[in-house]
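Asks: Below is one structure. I have some questions about it.
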Amino acid sequence: MPTAPRTARKTTEDPAPADEETVGMVEDKAVPADTETKTPDVAPLEPPTEPDPLPEPAPLTTAQQLLPARLGDLIVDEATGHPPADPEGVFVTVQPYGSSVRCTVRLIEHVGMGAYNTPTTRLLVPAGAELRRDQAARIVARLRAQLTPSAE
């Protein structure tokens, strides 16, 4: 018996025509989008370069960088570990009528820093640093106050 070829049954019922707005909003999330990942055909010839090193920080040149707003409890000469005996000899004028002075010794200060006043030693003025006269006068006044015995 010869079998007749099967033909797909065609339904005459078409779904209701959808509005143009709803067609764009309804999309099948299960179907992946047609995306293609592109891989390079060849590897790069050179390895990636290292980033440029950070530039060196600028040296301490201005007095604002050198002097803190509040001077420490004890200012000493780093070489001797004691306050300078002659506070006036710590600074010398650069020019006879100039407004800047040069420090002759390296001054450090012992301070308490942080919430718990942790004892710390920090550089106050390096040897050879040039300061304005008023800044040097602040340091000399503090050195004089250290040398005089306190009334306590």
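Chain labels run A, B, ... following the order of the structure tokens; each chain numbers its residues from 1, and ligands are numbered from 1 in the order shown.
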With a distance cut-off of 6 Å and only C-alpha atoms, select the neighbouring residues of segment 102-110 of chain A, excluding the residue or stretch itself and same-chain residues fewer than 4 positions from it, and output the selection as a ChimeraX atom specification.
Replies: /A:72,74-78,90-92,120-130
Asks: Expressed in Å to a single decimal, how great is the separation between atom CA of Leu147 of chain A and atom CA of Val111 of chain A?
Replies: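 Taking atom CA of Leu147 of chain A and atom CA of Val111 of chain A, their separation equals 17.3 Å.
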Asks: When you count only C-alpha atoms, which of these residues is closest to Arg142 of chain A: A:Glu50, A:Leu71, A:Leu45, A:Pro57?
Replies: A:Leu71
Asks: Of the candidates A:Gly112, A:Gly81, A:Pro47, A:Gly89, which shows the shortest atom-to-atom distance to Ala136 of chain A, using only C-alpha atoms?
Replies: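 Of all the options, A:Gly89 lies closest to Ala136 of chain A.
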Asks: Just give me the gap between atom CA of Arg70 of chain A and atom CA of Asp86 of chain A in Å, one decimal is fine.
Replies: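 The value is 22.0 Å.
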